[in-house]
Each structure stands twice: as C-alpha cells, then as structure tokens.
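For reference, the structure discussed in these notes is given below.
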Amino acid sequence: MQDDDIATIMRALGHPVRLNILRIIARQQRGECCCADVTESLTLAQSTVSQHIKVLLDAGLIERKSRGTRNCYIVRHERLAALGSAYSGMLAGLGPATPKLEAETA
C-alpha cells in the first residue's frame with residue numbers, strides 16, 4: 001500500500017462519525033447495510049450520513065451494491081487488513097534507530 005493510500009484512508013477514518021458508520025455496516029448480520037439503516041442508527045440527517053458514506057467509498061473502505069432502488073454497502077475487509085499491515089510497518093519504520101554493535105562495524 002502506497003503512502004497516498006494510507007493517508008487517504010487515515011483521513012477518512014479521522015472523523016468519529018465515519019468510524020461509527022464503518023462499525024454499523026460491519027455489524028450487520030447479512031454483511032451489508034443500506035444508507036437508511038445507518039441513518040436509523042445515528043442522530044444525523046440522511047444527507048449528512050450520505051456525505052460520510054461517500055468519503056468512506058472514495059477511500060475504498062466500503063463498497064456499494066445496488067439492490068433495486070437502494071444502495072447497500074459492505075465493508076472491504078481486505079482493504080482494512082492491508083491498512084493494518086501497512087500501518088504497522090510504517091510505525092516500525094518511525095521507531096528509534098538501533099545502535100550498531102561493535103562487531104558489525106568492524
């Protein structure tokens with residue numbers, strides 16, 4: 001995963017409402033959730049929920065499936081797993097440098 005992808009996803013996850021929406025979608029027993037279902041779980045207007053869902057879509061964290069006249073969403077677990085791997089690797093690269101042993105420098 002490239003740094004641009006990581007930054008885009010982190011921006012999308014940087015808002016508590018979007019984190020909550022992602023959790024709501026992930027908890028659905030049938031594995032998908034429509035915007036109306038999400039709106040019922042929150043105290044926000046449908047238009048606000050739709051804007052947050054669009055950010056999650058643009059970041060590739062959820063996928064849209066058409067169901068008649070409704071759009072339903074599913075979490076892209078593989079994308080979250082890739083982020084987890086990339087994020088842990090990125091954090092490991094930010095740690096303090098380990099001093100070289102004298103035997104290595106000789």
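Residue numbering restarts at 1 in every chain; chains get A, B, ... in the order shown in the structure tokens, and ligands count up from 1 in that same order.
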
Would you pick out the contacts of Cys33 in chain A at 7 Å or less, using only C-alpha atoms, so that residues sharing its chain but fewer than 4 positions from it are not included, and give the list as a ChimeraX atom specification? /A:25,28,37,72-74

Taking 2 positions as the minimum chain separation for residues in the same chain, which residues sit within 8 Å of Val75 in chain A when counting only C-alpha atoms? Answer as a list of chain:residue names. A:Leu22, A:Ile25, A:Ala26, A:Gly31, A:Glu32, A:Leu61, A:Ile62, A:Glu63, A:Tyr73, A:His77

Selection to disk with N, CA, C and O atoms, as an mmCIF file, in the first residue's frame:
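What landed in part26.cif:
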```
data_model
loop_
_atom_site.group_PDB
_atom_site.id
_atom_site.type_symbol
_atom_site.label_atom_id
_atom_site.label_comp_id
_atom_site.auth_asym_id
_atom_site.auth_seq_id
_atom_site.Cartn_x
_atom_site.Cartn_y
_atom_site.Cartn_z
ATOM 1 N N LEU A 22 -18.710 2.882 9.831
ATOM 2 C CA LEU A 22 -17.987 1.672 9.456
ATOM 3 C C LEU A 22 -18.332 0.524 10.414
ATOM 4 O O LEU A 22 -18.563 -0.608 9.976
ATOM 5 N N ILE A 25 -21.962 -0.746 9.665
ATOM 6 C CA ILE A 25 -22.008 -1.593 8.468
ATOM 7 C C ILE A 25 -21.378 -2.956 8.762
ATOM 8 O O ILE A 25 -21.915 -3.993 8.376
ATOM 9 N N ALA A 26 -20.270 -2.967 9.472
ATOM 10 C CA ALA A 26 -19.557 -4.212 9.764
ATOM 11 C C ALA A 26 -20.383 -5.146 10.653
ATOM 12 O O ALA A 26 -20.256 -6.368 10.549
ATOM 13 N N GLY A 31 -24.220 -8.826 6.325
ATOM 14 C CA GLY A 31 -22.979 -8.369 5.728
ATOM 15 C C GLY A 31 -23.081 -7.108 4.913
ATOM 16 O O GLY A 31 -22.092 -6.639 4.368
ATOM 17 N N GLU A 32 -24.266 -6.564 4.814
ATOM 18 C CA GLU A 32 -24.428 -5.299 4.084
ATOM 19 C C GLU A 32 -25.480 -4.453 4.760
ATOM 20 O O GLU A 32 -26.290 -4.947 5.528
ATOM 21 N N LEU A 61 -12.913 1.980 1.581
ATOM 22 C CA LEU A 61 -13.165 1.210 2.795
ATOM 23 C C LEU A 61 -14.475 0.446 2.754
ATOM 24 O O LEU A 61 -14.652 -0.540 3.469
ATOM 25 N N ILE A 62 -15.411 0.914 1.929
ATOM 26 C CA ILE A 62 -16.674 0.216 1.739
ATOM 27 C C ILE A 62 -16.946 0.114 0.244
ATOM 28 O O ILE A 62 -16.339 0.830 -0.563
ATOM 29 N N GLU A 63 -17.843 -0.772 -0.097
ATOM 30 C CA GLU A 63 -18.226 -0.997 -1.489
ATOM 31 C C GLU A 63 -19.733 -0.868 -1.600
ATOM 32 O O GLU A 63 -20.468 -1.287 -0.701
ATOM 33 N N TYR A 73 -24.225 -1.157 1.324
ATOM 34 C CA TYR A 73 -22.780 -1.036 1.482
ATOM 35 C C TYR A 73 -22.240 -2.212 2.270
ATOM 36 O O TYR A 73 -22.894 -2.710 3.186
ATOM 37 N N HIS A 77 -13.062 -5.673 3.924
ATOM 38 C CA HIS A 77 -12.171 -6.152 4.984
ATOM 39 C C HIS A 77 -10.732 -6.318 4.505
ATOM 40 O O HIS A 77 -9.797 -6.084 5.262
#
```

Any chance you could list, as JSON, numbers by chain, the residues in chain A that come up strand (DSSP E) when DSSP is run on the backbone? {"A": [33, 34, 62, 63, 64, 65, 66, 67, 70, 71, 72, 73, 74, 75]}

Enumerate the residues of range 9-96 of chain A with a DSSP assignment of alpha helix (DSSP H), computed from the backbone, and present them as a ChimeraX atom specification. /A:9-12,16-27,35-41,46-58,77-93

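Using only C-alpha atoms, the shortest contact distance between His52 in chain A and any of A:Gln2, A:Ser85, A:Thr39, A:Ser66 is found at A:Thr39.
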